[in-house]
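Asks: Okay, here's the structure, questions in a sec.
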Amino acid sequence: MMLAPEHLVIAPILLPLVTGALQLFFDDRGRTLKATLSILSTIVLLIISILLIRFTYSDDHTSGGGVVVYLLGNWPPPFAINLVLDHLSAMMLVLTATLALPALIFSLGRWHRAGAHFHTLFQLLLMGLNGAFLTGDLFNLFVFFEVMLAASYGLVLHGSGLLRVKAGLHYIAINLVGSLLFLIGVALIYGVTGTLNMADLALKIPQISASHATLLESGIAILSVAFLIKAGMWPLSFWLPATYAAAPAPSAAVFAIMSKVGIYVLLRLSLLFFGNNPDFSNGLGAQILVYGGLATISFGTVGVLASQTLGRFTSYSVLISSGTLLTSIGLVQTEVTAGALFYLISSTLAISALFMLIELMERGQNVAASVLAVTMEAFGYEDEETEDEEIVGVAIPRTIAVLGTCFAACALLLIGLPPLSGFIAKFVILSALFSPDLIDQLTAPSTASWWFMALLILSGLATLIAMVRSGIHTFWAPPVEATLPRVLFIEILPITALVGATLVLTIQAGPVMRFMEATAISLHAPQPYIEGVLHTPPTTLPASTESTE
């Protein structure tokens, strides 16, 4: 018997919750059992996520527009606590599980022994992420945000160390402020509208009187600041480079999607509340997203060039990715949104792989010597000339060859050069901005579009320079103190798997892009989402059960 999709929707939340709770019954001597439970649970989570995304894309789904609604407690909407599965949430579930499994396998090499309760914290982080993607109301979005953040605090501090503790405490302080703003914003919105159900808000916001509009917009603005902190928009992103660079590699690998939670909520709510509303606050905050995103790309580009370690370089790449997505959301074009969703998947996979890869690359190096080498290059100093030695041939160790290939693939993805998916994503975004249809309609591309194109090209060029510089120092001209890194198979396997996933994304670009276009259309025309949520009736009990009672 096949489980109905309405009941399977809650599995991405319950499964990691139960797994994390079970692991609390074992101390650190049962670490192998805890790791086995974690990996099995995450594999099942990945399978369930793939099933859910198939439900949303199927033609015979039970609710309109590919929306599946799960009413917790079986109360009627909008009073019920509901979980909503649609194209976007299903896509984010698959991406989360796809990142989580390699990160967990990578942690078995070293990091899950570096402190207590790693696997429990990891599972709770997955629960918070999945809940944030599935929830249909703002209050439970706050709850799942807090679960996600509480688990991430432990994962940032995992393994201790002065730099990690310093960056971790900074991260905790910033996010506590963000949570307070979140709560204030939600309270203001509820005070004006009387509801926190997202679909119900989409109907009630246009009915708000002019006397309450300012208060409502204030609540939405405060709420947006909390999401922009999480998304890493400049200047609210000052905490991100130091925190992500200091986090343990498997934690940083899954943190690559945490900044996308803020992007997800901004994309969802901005189009649901204001995207198709000509009467009230149409396009509220769109200009802030556009110019804030452009500033974030600029800041990330400067940071990439100035970074002297690969950890900080990758963290600034997260900012470039966030800036690109924020600008795309602010432009409010269906085709641009479709390209941005493709870019979200591609950049997140590449950044996650790079966070794990750089630990292996730096394992055989004296990091201080690498920083000194880059600094000397920046100031124009060169190594003293040495006598040329006749080199007949150099054997390339297999480890270096694999690491170098993965590094090159990540570079191509982040730079946006063909043939990988990073190029396809940027090409789709720019094609939508400067499509012939706009010219036929005598609608010239906006100034922001030209700036967006210029910054996309410049950020790619800066990433190319920085990655070639790092690649030369690591693989072709390593410091004298460098030794061949000792890499376990379970450490290199997750990285190659993520790089392989980007190759699949490239080969299957056509079907994936069609799914992204369907997702973008459903976001820009959210009526099926609203009707799916508000018109879902509570489940009626079978007649036999009623008679028995």
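By convention here, the chains of the structure tokens are called A, B, ... in the order presented, each chain's residues are numbered starting at 1, and ligands are numbered starting at 1 in the order presented.
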Might you pull out every residue within 7 Å of stretch 422-430 of chain A, with only C-alpha atoms counted and same-chain residues fewer than 2 positions away left off, and present them as a list in words?
Replies: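 That gives Val336, Gly339, Ala340, Phe342, Tyr343, Ser346, Ser347, Leu413, Leu414, Gly416, Leu417, Pro418, Pro419, Leu420, Ala432, Leu433, Phe434 and Met453 of chain A.
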Asks: Where in stretch 437-539 of chain A does DSSP assign helix (DSSP H, G or I), given as a ChimeraX atom specification?
Replies: /A:437-440,447-476,489-507,509-524,527-534
Asks: How about saving the chosen residues, C-alpha atoms kept, as an mmCIF file, in the first residue's frame?
Replies:
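Resulting contents of part13.cif:
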```cif
data_model
loop_
_atom_site.group_PDB
_atom_site.id
_atom_site.type_symbol
_atom_site.label_atom_id
_atom_site.label_comp_id
_atom_site.auth_asym_id
_atom_site.auth_seq_id
_atom_site.Cartn_x
_atom_site.Cartn_y
_atom_site.Cartn_z
ATOM 1 C CA ASP A 437 10.804 40.136 -26.188
ATOM 2 C CA LEU A 438 11.680 43.221 -24.143
ATOM 3 C CA ILE A 439 13.085 44.928 -27.204
ATOM 4 C CA ASP A 440 9.997 43.979 -29.242
ATOM 5 C CA THR A 447 19.801 50.533 -15.214
ATOM 6 C CA ALA A 448 19.805 47.925 -12.457
ATOM 7 C CA SER A 449 19.850 45.186 -15.114
ATOM 8 C CA TRP A 450 22.991 46.654 -16.695
ATOM 9 C CA TRP A 451 24.666 46.905 -13.273
ATOM 10 C CA PHE A 452 23.612 43.350 -12.519
ATOM 11 C CA MET A 453 25.181 42.048 -15.711
ATOM 12 C CA ALA A 454 28.398 43.998 -15.096
ATOM 13 C CA LEU A 455 28.719 42.741 -11.522
ATOM 14 C CA LEU A 456 28.012 39.141 -12.522
ATOM 15 C CA ILE A 457 30.879 39.333 -15.018
ATOM 16 C CA LEU A 458 33.222 41.146 -12.624
ATOM 17 C CA SER A 459 32.500 38.769 -9.736
ATOM 18 C CA GLY A 460 33.235 35.844 -12.043
ATOM 19 C CA LEU A 461 36.499 37.446 -13.113
ATOM 20 C CA ALA A 462 37.491 38.107 -9.487
ATOM 21 C CA THR A 463 36.671 34.511 -8.562
ATOM 22 C CA LEU A 464 38.769 33.307 -11.511
ATOM 23 C CA ILE A 465 41.775 35.361 -10.358
ATOM 24 C CA ALA A 466 41.464 34.247 -6.739
ATOM 25 C CA MET A 467 40.994 30.564 -7.552
ATOM 26 C CA VAL A 468 43.845 30.456 -10.062
ATOM 27 C CA ARG A 469 46.083 32.105 -7.470
ATOM 28 C CA SER A 470 45.079 29.588 -4.807
ATOM 29 C CA GLY A 471 45.357 26.679 -7.221
ATOM 30 C CA ILE A 472 48.898 27.652 -8.223
ATOM 31 C CA HIS A 473 50.021 27.943 -4.613
ATOM 32 C CA THR A 474 48.388 24.653 -3.653
ATOM 33 C CA PHE A 475 48.923 22.321 -6.586
ATOM 34 C CA TRP A 476 51.632 23.688 -8.865
ATOM 35 C CA PHE A 489 38.262 7.625 1.039
ATOM 36 C CA ILE A 490 35.181 8.659 3.044
ATOM 37 C CA GLU A 491 36.446 12.244 2.896
ATOM 38 C CA ILE A 492 37.022 12.483 -0.832
ATOM 39 C CA LEU A 493 33.888 10.491 -1.750
ATOM 40 C CA PRO A 494 31.372 13.162 -0.571
ATOM 41 C CA ILE A 495 33.200 15.884 -2.498
ATOM 42 C CA THR A 496 33.242 13.911 -5.724
ATOM 43 C CA ALA A 497 29.559 13.074 -5.159
ATOM 44 C CA LEU A 498 28.630 16.765 -4.914
ATOM 45 C CA VAL A 499 30.705 17.604 -7.974
ATOM 46 C CA GLY A 500 29.016 14.675 -9.726
ATOM 47 C CA ALA A 501 25.628 16.128 -8.754
ATOM 48 C CA THR A 502 26.529 19.349 -10.554
ATOM 49 C CA LEU A 503 27.481 17.295 -13.611
ATOM 50 C CA VAL A 504 24.059 15.622 -13.500
ATOM 51 C CA LEU A 505 22.534 19.081 -13.190
ATOM 52 C CA THR A 506 24.426 20.127 -16.307
ATOM 53 C CA ILE A 507 23.507 17.054 -18.347
ATOM 54 C CA ALA A 509 19.668 20.987 -17.602
ATOM 55 C CA GLY A 510 16.624 20.791 -19.873
ATOM 56 C CA PRO A 511 14.251 18.887 -17.535
ATOM 57 C CA VAL A 512 15.598 20.716 -14.486
ATOM 58 C CA MET A 513 15.070 24.074 -16.150
ATOM 59 C CA ARG A 514 11.477 23.136 -17.024
ATOM 60 C CA PHE A 515 10.885 22.353 -13.358
ATOM 61 C CA MET A 516 12.417 25.704 -12.375
ATOM 62 C CA GLU A 517 10.155 27.501 -14.850
ATOM 63 C CA ALA A 518 7.093 25.739 -13.409
ATOM 64 C CA THR A 519 8.268 26.705 -9.920
ATOM 65 C CA ALA A 520 8.773 30.335 -10.919
ATOM 66 C CA ILE A 521 5.325 30.489 -12.552
ATOM 67 C CA SER A 522 3.683 29.087 -9.419
ATOM 68 C CA LEU A 523 5.511 31.667 -7.280
ATOM 69 C CA HIS A 524 4.546 34.626 -9.467
ATOM 70 C CA GLN A 527 -3.494 31.753 -6.405
ATOM 71 C CA PRO A 528 -3.292 27.906 -6.526
ATOM 72 C CA TYR A 529 -1.104 28.017 -3.398
ATOM 73 C CA ILE A 530 -3.641 30.240 -1.577
ATOM 74 C CA GLU A 531 -6.653 28.162 -2.651
ATOM 75 C CA GLY A 532 -4.827 24.914 -1.921
ATOM 76 C CA VAL A 533 -4.164 26.004 1.666
ATOM 77 C CA LEU A 534 -7.464 27.705 2.501
#
```
Asks: Record the distance separating atom CA of A:Ser237 and atom CA of A:Asn175, expressed in Å with one decimal.
Replies: 11.3 Å
Asks: Fewer than 4 positions away in the same chain doesn't count, so skip those; otherwise give me all residues within 8 Å of stretch 296-310 of chain A, counting only C-alpha atoms, as a VMD selection string.
Replies: chain A and resid 232 to 235 292 314 316 to 324 358 367 370 to 371 374 to 375 455 to 456 458 to 459 462 to 463 465 to 466 470
Asks: Would you kindly return, as a list in words, each protein, DNA or RNA residue with an atom no farther than 8 Å from any atom of stretch 251-257 of chain A, considering only C-alpha atoms and excluding same-chain residues fewer than 6 positions away?
Replies: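 Skipping anything fewer than 6 positions along the chain leaves Thr96, Leu99, Ala100, Ala103, Leu155, Val156, Tyr244, Ala245, Val318, Thr348, Ile351, Ser352, Ala353, Leu354, Phe355 and Met356 of chain A.
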Asks: Using only C-alpha atoms, which residue out of A:Leu216, A:Leu176, A:Leu183, A:Leu360 lies closest to A:Ile229?
Replies: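 Nearest to A:Ile229: A:Leu176.
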Asks: How many Å lie between atom CA of A:Ala187 and atom CA of A:Phe139, rounded to one decimal?
Replies: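 Atom CA of A:Phe139 lies 9.3 Å from atom CA of A:Ala187.
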Asks: For A:Ala151, find every residue with an atom within 12 Å (counting only C-alpha atoms), except residues of its own chain fewer than 3 positions away, and show them as number ranges by chain.
Replies: A: 17, 20, 117-129, 144-148, 154-158, 172, 251, 254-255, 258
